[in-house]
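**Student:** Quick one: this structure, given as structure tokens, is what I'll be asking you about.
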Amino acid sequence: MTRVVVVGDLMTDAVARARYALARASDTPATVTMHGGGSGANIASWLAVEGSEVAFIGRRGADITGRNRDMELMGYGVDARLVMDPERPTGTCVVLVTHKGERTQLSDPGANAALSPEDLPRDLFSQGSHLHLSGYTLMNEGSREAGLTALEMARRTGMSISVDCASTAPLERTGAEPFLEWTNGAKLLFANADQAKVLTGRDDPAAAAKVLTAWFPQVVIKLNKEGALWFTNGRPEPVRVPAEPVERVVDGTGAGDAFVAGMLPLWLEGKPPAESLAAGCHLASKAISHLGARPRL
């Protein structure tokens, strides 16, 4: 089994689900719950619960929240390599879910923004392991050097590399050209349709994926209700897999992270694209069936 080393963000998600249409500049009844979050930490958690050997590299505050997030990761079976920041708090994300299910996120990266190259444990970077890097690490100016160093260490030691585009608005602010330049050498890119459009200017996800294979040998586009598609460099057509039916969508937070965690192990084993995509869609369907972005402990 290939060990997966995830470098990324650790957050606490405060999920506020509005019961009615938002009353702007006034009060709206809501259900507010707290959960472990952060795209990188979510992926590591799902991987561990599904039986993969996984280590997570990140940074947390010297606060109770940080301690809870640390213990939570260990509870999932993650080899959590968290550096404690003496000044910054553990990252927090307010996830506002409207009565129609639309999500808006307000993020305070906290300690994530101070992840440094010195925080990367050298023993985790070895041939035969796989590096998965959350795009947030590169798009945040404070942690960018750590992300670039992780990519360089992985290349030097012969690790395979995958990268996730993370979020559309930060990717737009960063710009397509720098992001593509930084991630050059990764074997697999994960993006959703909006992120693929930011990187290529193409509205059609399949066309965007084909363009992106000029930088990455393999590109996977997450299409939410439409499932996912996979484009391999040199192949004329993408492989498409539909989403798995779900009785009731409870919370879409972290569904894309679960998809990555479902797909990666099969991809690392060299399974066919359709089989790998289906595994990703299956785990994403589990994620949207309960509150929060992580597996149930």
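Residues in the structure tokens are named by chain (A, B, ... in the order shown) and by number from 1 within that chain; ligands are numbered from 1 in the order shown.
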Hey, which bits of stretch 39-71 of chain A sit within 12 Å of stretch 153-171 of chain A, and for each residue what's the closest pair of atoms and how far apart in Å (one decimal), counting only C-alpha atoms, rows by chain and increasing number, as a Markdown table?
**Tutor:**
| residue | atom | partner | partner_atom | distance |
| --- | --- | --- | --- | --- |
| A:Ser39 | CA | A:Ala166 | CA | 7.2 |
| A:Gly40 | CA | A:Ala166 | CA | 9.1 |
| A:Asn42 | CA | A:Ala166 | CA | 11.9 |
| A:Ile43 | CA | A:Asp164 | CA | 10.5 |
**Student:** Convert the current residue selection to file output with N, CA and C atoms, as an mmCIF file, in the first residue's frame.
**Tutor:**
data_model
loop_
_atom_site.group_PDB
_atom_site.id
_atom_site.type_symbol
_atom_site.label_atom_id
_atom_site.label_comp_id
_atom_site.auth_asym_id
_atom_site.auth_seq_id
_atom_site.Cartn_x
_atom_site.Cartn_y
_atom_site.Cartn_z
ATOM 1 N N SER A 39 -9.502 21.539 3.803
ATOM 2 C CA SER A 39 -9.494 20.591 2.689
ATOM 3 C C SER A 39 -8.452 19.486 2.859
ATOM 4 N N GLY A 40 -7.215 19.861 3.191
ATOM 5 C CA GLY A 40 -6.154 18.861 3.344
ATOM 6 C C GLY A 40 -6.443 17.880 4.460
ATOM 7 N N ASN A 42 -9.351 17.181 5.735
ATOM 8 C CA ASN A 42 -10.520 16.362 5.379
ATOM 9 C C ASN A 42 -10.107 15.169 4.526
ATOM 10 N N ILE A 43 -9.279 15.439 3.522
ATOM 11 C CA ILE A 43 -8.820 14.361 2.625
ATOM 12 C C ILE A 43 -8.055 13.298 3.423
#
**Student:** DSSP on the backbone, then: every residue of stretch 69-193 of chain A marked strand (DSSP E or B), written as a PyMOL selection string.
**Tutor:** chain A and resi 79-85+91-97+103-108+130-134+160-164+188-192
**Student:** Under the rule that only C-alpha atoms are counted, which of A:Ser129, A:Thr98, A:Ser116, A:Ser289 is the nearest residue to A:Val83?
**Tutor:**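 Selected residue with least distance to A:Val83: A:Ser116.
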**Student:** Residues of stretch 43-149 of chain A within 12 Å of stretch 23-37 of chain A: nearest atom pair and distance (Å, one decimal) for each, counting only C-alpha atoms, sorted by chain and number, as a Markdown table?
**Tutor:**
| residue | atom | partner | partner_atom | distance |
| --- | --- | --- | --- | --- |
| A:Ile43 | CA | A:Gly37 | CA | 9.6 |
| A:Ala44 | CA | A:Gly37 | CA | 10.7 |
| A:Ser45 | CA | A:Gly37 | CA | 9.7 |
| A:Trp46 | CA | A:Gly37 | CA | 11.6 |
| A:Thr65 | CA | A:Gly36 | CA | 9.3 |
| A:Gly66 | CA | A:Gly36 | CA | 9.9 |
| A:Arg67 | CA | A:Gly36 | CA | 11.4 |
| A:Asn68 | CA | A:Gly36 | CA | 8.7 |
| A:Arg69 | CA | A:Gly36 | CA | 6.3 |
| A:Asp70 | CA | A:Gly36 | CA | 9.7 |
| A:Met71 | CA | A:Gly36 | CA | 10.6 |
| A:Glu72 | CA | A:Gly36 | CA | 7.7 |
| A:Leu73 | CA | A:Gly36 | CA | 8.9 |
| A:Gly75 | CA | A:Gly36 | CA | 12.0 |
| A:Tyr76 | CA | A:Gly36 | CA | 11.5 |
| A:Thr90 | CA | A:Gly37 | CA | 10.8 |
| A:Gly91 | CA | A:Gly37 | CA | 9.0 |
| A:Thr92 | CA | A:Gly37 | CA | 8.3 |
| A:Cys93 | CA | A:Gly37 | CA | 7.9 |
| A:Val94 | CA | A:Met34 | CA | 9.4 |
| A:Val95 | CA | A:Val32 | CA | 9.5 |
| A:Leu96 | CA | A:Val32 | CA | 9.3 |
| A:Val97 | CA | A:Ala30 | CA | 9.2 |
| A:Thr98 | CA | A:Ala30 | CA | 9.2 |
| A:His99 | CA | A:Ala30 | CA | 9.1 |
| A:Gln105 | CA | A:Gly37 | CA | 11.9 |
| A:Ser107 | CA | A:Gly37 | CA | 11.0 |
| A:Pro109 | CA | A:Gly37 | CA | 11.4 |
**Student:** With N, CA and C atoms retained, write the just-selected residues as an mmCIF file, in the first residue's frame.
**Tutor:**
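Contents of part-v7.cif, as written:
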data_model
loop_
_atom_site.group_PDB
_atom_site.id
_atom_site.type_symbol
_atom_site.label_atom_id
_atom_site.label_comp_id
_atom_site.auth_asym_id
_atom_site.auth_seq_id
_atom_site.Cartn_x
_atom_site.Cartn_y
_atom_site.Cartn_z
ATOM 1 N N ILE A 43 -9.279 15.439 3.522
ATOM 2 C CA ILE A 43 -8.820 14.361 2.625
ATOM 3 C C ILE A 43 -8.055 13.298 3.423
ATOM 4 N N ALA A 44 -7.172 13.752 4.315
ATOM 5 C CA ALA A 44 -6.404 12.809 5.141
ATOM 6 C C ALA A 44 -7.335 11.955 6.009
ATOM 7 N N SER A 45 -8.362 12.571 6.570
ATOM 8 C CA SER A 45 -9.304 11.856 7.443
ATOM 9 C C SER A 45 -10.064 10.778 6.678
ATOM 10 N N TRP A 46 -10.595 11.139 5.504
ATOM 11 C CA TRP A 46 -11.329 10.151 4.701
ATOM 12 C C TRP A 46 -10.403 9.019 4.248
ATOM 13 N N THR A 65 -9.059 24.448 20.544
ATOM 14 C CA THR A 65 -9.550 24.013 19.232
ATOM 15 C C THR A 65 -8.481 23.219 18.497
ATOM 16 N N GLY A 66 -7.249 23.727 18.530
ATOM 17 C CA GLY A 66 -6.146 23.041 17.868
ATOM 18 C C GLY A 66 -5.891 21.669 18.460
ATOM 19 N N ARG A 67 -5.957 21.592 19.794
ATOM 20 C CA ARG A 67 -5.757 20.299 20.464
ATOM 21 C C ARG A 67 -6.856 19.319 20.049
ATOM 22 N N ASN A 68 -8.103 19.817 19.993
ATOM 23 C CA ASN A 68 -9.227 18.967 19.590
ATOM 24 C C ASN A 68 -9.055 18.452 18.162
ATOM 25 N N ARG A 69 -8.636 19.348 17.260
ATOM 26 C CA ARG A 69 -8.428 18.949 15.857
ATOM 27 C C ARG A 69 -7.306 17.909 15.750
ATOM 28 N N ASP A 70 -6.264 18.077 16.557
ATOM 29 C CA ASP A 70 -5.135 17.148 16.577
ATOM 30 C C ASP A 70 -5.608 15.756 17.017
ATOM 31 N N MET A 71 -6.333 15.721 18.119
ATOM 32 C CA MET A 71 -6.840 14.446 18.649
ATOM 33 C C MET A 71 -7.825 13.790 17.682
ATOM 34 N N GLU A 72 -8.611 14.624 17.020
ATOM 35 C CA GLU A 72 -9.589 14.133 16.044
ATOM 36 C C GLU A 72 -8.888 13.399 14.909
ATOM 37 N N LEU A 73 -7.825 14.010 14.384
ATOM 38 C CA LEU A 73 -7.080 13.370 13.293
ATOM 39 C C LEU A 73 -6.497 12.041 13.738
ATOM 40 N N GLY A 75 -7.685 10.189 15.999
ATOM 41 C CA GLY A 75 -8.830 9.287 16.141
ATOM 42 C C GLY A 75 -9.226 8.631 14.831
ATOM 43 N N TYR A 76 -9.031 9.348 13.749
ATOM 44 C CA TYR A 76 -9.323 8.782 12.426
ATOM 45 C C TYR A 76 -8.239 7.791 11.979
ATOM 46 N N THR A 90 -5.844 28.417 15.639
ATOM 47 C CA THR A 90 -6.189 27.395 14.649
ATOM 48 C C THR A 90 -7.153 28.014 13.641
ATOM 49 N N GLY A 91 -6.983 27.682 12.382
ATOM 50 C CA GLY A 91 -7.821 28.251 11.328
ATOM 51 C C GLY A 91 -9.305 27.983 11.546
ATOM 52 N N THR A 92 -10.130 28.917 11.111
ATOM 53 C CA THR A 92 -11.579 28.794 11.265
ATOM 54 C C THR A 92 -12.274 29.181 9.964
ATOM 55 N N CYS A 93 -13.324 28.443 9.638
ATOM 56 C CA CYS A 93 -14.120 28.748 8.450
ATOM 57 C C CYS A 93 -15.590 28.782 8.837
ATOM 58 N N VAL A 94 -16.251 29.889 8.552
ATOM 59 C CA VAL A 94 -17.703 29.987 8.758
ATOM 60 C C VAL A 94 -18.361 29.575 7.445
ATOM 61 N N VAL A 95 -19.127 28.485 7.496
ATOM 62 C CA VAL A 95 -19.811 27.979 6.304
ATOM 63 C C VAL A 95 -21.284 28.352 6.423
ATOM 64 N N LEU A 96 -21.724 29.275 5.599
ATOM 65 C CA LEU A 96 -23.109 29.742 5.626
ATOM 66 C C LEU A 96 -23.899 28.979 4.573
ATOM 67 N N VAL A 97 -24.853 28.182 5.020
ATOM 68 C CA VAL A 97 -25.669 27.378 4.104
ATOM 69 C C VAL A 97 -27.077 27.966 4.075
ATOM 70 N N THR A 98 -27.509 28.431 2.907
ATOM 71 C CA THR A 98 -28.852 29.016 2.797
ATOM 72 C C THR A 98 -29.912 27.923 2.896
ATOM 73 N N HIS A 99 -31.191 28.341 3.008
ATOM 74 C CA HIS A 99 -32.290 27.370 3.109
ATOM 75 C C HIS A 99 -32.416 26.534 1.838
ATOM 76 N N GLN A 105 -18.488 30.534 2.049
ATOM 77 C CA GLN A 105 -17.496 30.293 3.090
ATOM 78 C C GLN A 105 -16.704 31.561 3.409
ATOM 79 N N SER A 107 -13.347 32.472 5.440
ATOM 80 C CA SER A 107 -12.204 31.736 5.992
ATOM 81 C C SER A 107 -11.181 32.643 6.668
ATOM 82 N N PRO A 109 -7.494 31.802 7.850
ATOM 83 C CA PRO A 109 -6.530 30.695 7.846
ATOM 84 C C PRO A 109 -5.774 30.508 9.153
#
**Student:** Quote the spacing between atom CA of A:Pro217 and atom CA of A:Asp204 in Å to one decimal place.
**Tutor:** 19.1 Å
**Student:** Taking the backbone alone, and naming residues the way the document does, which bits of stretch 28-240 of chain A are alpha helix (DSSP H) by DSSP, as a ChimeraX atom specification?
**Tutor:** /A:39-49,64-76,135-139,144-157,168-174,176-182,193-200,205-212
**Student:** Name the residues in contact with stretch 241-251 of chain A at a cut-off of 6 Å, using only C-alpha atoms, excluding same-chain residues fewer than 4 positions from it; report them as a list of chain:residue names.
**Tutor:**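 So the residues in contact are A:Lys225, A:Glu226, A:Gly227, A:Ala228, A:Cys281, A:Ile288, A:Ser289, A:His290, A:Leu291.
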**Student:** How would the residues just picked look written out with C-alpha atoms as a short mmCIF file (atom, residue, chain, number, x, y, z; two decimals), in the first residue's frame?
**Tutor:**
data_model
loop_
_atom_site.label_atom_id
_atom_site.label_comp_id
_atom_site.auth_asym_id
_atom_site.auth_seq_id
_atom_site.Cartn_x
_atom_site.Cartn_y
_atom_site.Cartn_z
CA LYS A 225 -24.40 16.27 -9.52
CA GLU A 226 -23.00 15.28 -12.92
CA GLY A 227 -20.31 13.02 -11.42
CA ALA A 228 -16.75 13.41 -12.69
CA CYS A 281 -18.18 9.48 -6.42
CA ILE A 288 -23.07 14.77 1.54
CA SER A 289 -25.35 12.44 3.49
CA HIS A 290 -24.33 13.85 6.89
CA LEU A 291 -23.35 17.15 8.50
#
**Student:** Within 12 Å of A:Lys197, counting only C-alpha atoms, which residues show up once you throw out same-chain ones fewer than 6 positions away? Write them as a ChimeraX atom specification, please.
**Tutor:** /A:165,168-169,171-172,175-176,191,203-212,221
**Student:** Can those selected residues be exported to a file as a PDB file, in the first residue's frame so that it contains N, CA and C atoms?
**Tutor:**
ATOM      1  N   CYS A 165      -7.041  21.990  -6.809  1.00  0.00           N
ATOM      2  CA  CYS A 165      -7.177  23.445  -7.000  1.00  0.00           C
ATOM      3  C   CYS A 165      -7.855  24.150  -5.827  1.00  0.00           C
ATOM      4  N   THR A 168     -12.291  28.311  -5.990  1.00  0.00           N
ATOM      5  CA  THR A 168     -12.284  29.149  -7.192  1.00  0.00           C
ATOM      6  C   THR A 168     -11.807  30.576  -6.945  1.00  0.00           C
ATOM      7  N   ALA A 169     -12.370  31.264  -5.940  1.00  0.00           N
ATOM      8  CA  ALA A 169     -12.037  32.674  -5.726  1.00  0.00           C
ATOM      9  C   ALA A 169     -10.546  32.886  -5.410  1.00  0.00           C
ATOM     10  N   LEU A 171      -8.123  30.981  -6.295  1.00  0.00           N
ATOM     11  CA  LEU A 171      -7.404  30.624  -7.521  1.00  0.00           C
ATOM     12  C   LEU A 171      -7.440  31.795  -8.509  1.00  0.00           C
ATOM     13  N   GLU A 172      -8.580  32.456  -8.590  1.00  0.00           N
ATOM     14  CA  GLU A 172      -8.700  33.649  -9.455  1.00  0.00           C
ATOM     15  C   GLU A 172      -7.760  34.756  -8.996  1.00  0.00           C
ATOM     16  N   GLY A 175      -4.154  33.671  -9.877  1.00  0.00           N
ATOM     17  CA  GLY A 175      -3.889  33.692 -11.314  1.00  0.00           C
ATOM     18  C   GLY A 175      -3.490  32.327 -11.845  1.00  0.00           C
ATOM     19  N   ALA A 176      -3.964  32.025 -13.039  1.00  0.00           N
ATOM     20  CA  ALA A 176      -3.717  30.712 -13.637  1.00  0.00           C
ATOM     21  C   ALA A 176      -2.234  30.458 -13.892  1.00  0.00           C
ATOM     22  N   ALA A 191      -9.680  19.357 -10.123  1.00  0.00           N
ATOM     23  CA  ALA A 191     -10.320  20.667 -10.191  1.00  0.00           C
ATOM     24  C   ALA A 191     -11.824  20.451 -10.337  1.00  0.00           C
ATOM     25  N   ASP A 203     -15.288  27.113 -20.929  1.00  0.00           N
ATOM     26  CA  ASP A 203     -16.526  26.829 -20.193  1.00  0.00           C
ATOM     27  C   ASP A 203     -16.805  25.336 -20.094  1.00  0.00           C
ATOM     28  N   ASP A 204     -16.494  24.618 -21.161  1.00  0.00           N
ATOM     29  CA  ASP A 204     -16.776  23.184 -21.199  1.00  0.00           C
ATOM     30  C   ASP A 204     -15.720  22.422 -20.402  1.00  0.00           C
ATOM     31  N   PRO A 205     -16.130  21.674 -19.360  1.00  0.00           N
ATOM     32  CA  PRO A 205     -15.153  20.974 -18.501  1.00  0.00           C
ATOM     33  C   PRO A 205     -14.244  20.010 -19.261  1.00  0.00           C
ATOM     34  N   ALA A 206     -14.803  19.302 -20.250  1.00  0.00           N
ATOM     35  CA  ALA A 206     -13.984  18.350 -21.012  1.00  0.00           C
ATOM     36  C   ALA A 206     -12.925  19.087 -21.833  1.00  0.00           C
ATOM     37  N   ALA A 207     -13.320  20.205 -22.437  1.00  0.00           N
ATOM     38  CA  ALA A 207     -12.365  21.000 -23.216  1.00  0.00           C
ATOM     39  C   ALA A 207     -11.282  21.575 -22.307  1.00  0.00           C
ATOM     40  N   ALA A 208     -11.692  22.041 -21.115  1.00  0.00           N
ATOM     41  CA  ALA A 208     -10.728  22.573 -20.140  1.00  0.00           C
ATOM     42  C   ALA A 208      -9.752  21.493 -19.705  1.00  0.00           C
ATOM     43  N   ALA A 209     -10.275  20.290 -19.439  1.00  0.00           N
ATOM     44  CA  ALA A 209      -9.420  19.175 -19.012  1.00  0.00           C
ATOM     45  C   ALA A 209      -8.398  18.838 -20.083  1.00  0.00           C
ATOM     46  N   LYS A 210      -8.846  18.839 -21.342  1.00  0.00           N
ATOM     47  CA  LYS A 210      -7.937  18.515 -22.451  1.00  0.00           C
ATOM     48  C   LYS A 210      -6.805  19.541 -22.522  1.00  0.00           C
ATOM     49  N   VAL A 211      -7.139  20.826 -22.343  1.00  0.00           N
ATOM     50  CA  VAL A 211      -6.112  21.881 -22.344  1.00  0.00           C
ATOM     51  C   VAL A 211      -5.128  21.650 -21.200  1.00  0.00           C
ATOM     52  N   LEU A 212      -5.653  21.279 -20.034  1.00  0.00           N
ATOM     53  CA  LEU A 212      -4.815  21.114 -18.838  1.00  0.00           C
ATOM     54  C   LEU A 212      -3.859  19.929 -18.943  1.00  0.00           C
ATOM     55  N   ILE A 221     -11.861  16.271 -13.377  1.00  0.00           N
ATOM     56  CA  ILE A 221     -12.773  17.383 -13.123  1.00  0.00           C
ATOM     57  C   ILE A 221     -13.975  16.865 -12.342  1.00  0.00           C
TER      58      ILE A 221
END
**Student:** For stretch 257-265 of chain A, please output as a ChimeraX atom specification all residues within 6 Å (counting only C-alpha atoms; exclusion window: fewer than 5 positions along the same chain).
**Tutor:** /A:43,46-47,276-277,279-281,283-284
**Student:** Can I get the selected residues back with C-alpha atoms, as a PDB file, in the first residue's frame?
**Tutor:**
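Everything below was put into out30.pdb:
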ATOM      1  CA  ILE A  43      -8.820  14.361   2.625  1.00  0.00           C
ATOM      2  CA  TRP A  46     -11.329  10.151   4.701  1.00  0.00           C
ATOM      3  CA  LEU A  47      -8.230   8.330   3.432  1.00  0.00           C
ATOM      4  CA  SER A 276     -11.202   5.144  -9.719  1.00  0.00           C
ATOM      5  CA  LEU A 277     -13.779   7.843 -10.537  1.00  0.00           C
ATOM      6  CA  ALA A 279     -14.834   5.152  -5.963  1.00  0.00           C
ATOM      7  CA  GLY A 280     -14.486   8.932  -5.664  1.00  0.00           C
ATOM      8  CA  CYS A 281     -18.176   9.483  -6.421  1.00  0.00           C
ATOM      9  CA  LEU A 283     -17.223   8.505  -1.044  1.00  0.00           C
ATOM     10  CA  ALA A 284     -18.556  11.930  -2.064  1.00  0.00           C
TER      11      ALA A 284
END
**Student:** Of the residues A:Lys100, A:Lys187, A:Arg294, A:His130, which is the one nearest to A:Ala55, using only C-alpha atoms?
**Tutor:** A:His130
**Student:** May I ask for the distance between atom CA of A:Pro117 and atom CA of A:Leu268, given in Å to one decimal place?
**Tutor:**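 Spanning atom CA of A:Pro117 to atom CA of A:Leu268 is a straight-line distance of 26.0 Å.
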**Student:** Between A:Val15, A:Val239, A:Ala278, A:Val7, which is the closest to A:Leu148 once you count only C-alpha atoms?
**Tutor:** A:Val7
**Student:** Any idea what's packed within 10 Å of A:Thr232, counting only C-alpha atoms, ignoring anything in its chain fewer than 3 positions away? Could you give it as a PyMOL selection string?
**Tutor:** chain A and resi 188+209-210+212-214+216-220+235-239+273
**Student:** Would you compute the distance between atom CA of A:Asp85 and atom CA of A:Gly8? Give it in Å to one decimal.
**Tutor:**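 These atoms are spaced 15.1 Å apart.
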**Student:** Just checking: using only C-alpha atoms, which residue out of A:Arg3, A:Glu152, A:Thr137, A:Phe231 ends up closest to A:Gly185?
**Tutor:**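 The answer is A:Glu152, which sits nearest to A:Gly185.
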**Student:** Counting only C-alpha atoms, which residue out of A:Leu120, A:Val5, A:Ala255, A:Leu229 sits closest to A:His282?
**Tutor:**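 Answer, going by the shortest atom-to-atom distance: A:Ala255.
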**Student:** Residues at most 7 Å from A:Leu115, counting only C-alpha atoms, excluding those fewer than 6 positions away in the same chain, as a list in words?
**Tutor:**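 So the residues in contact are Gly58, Arg59, Ser143 and Ala146 of chain A.
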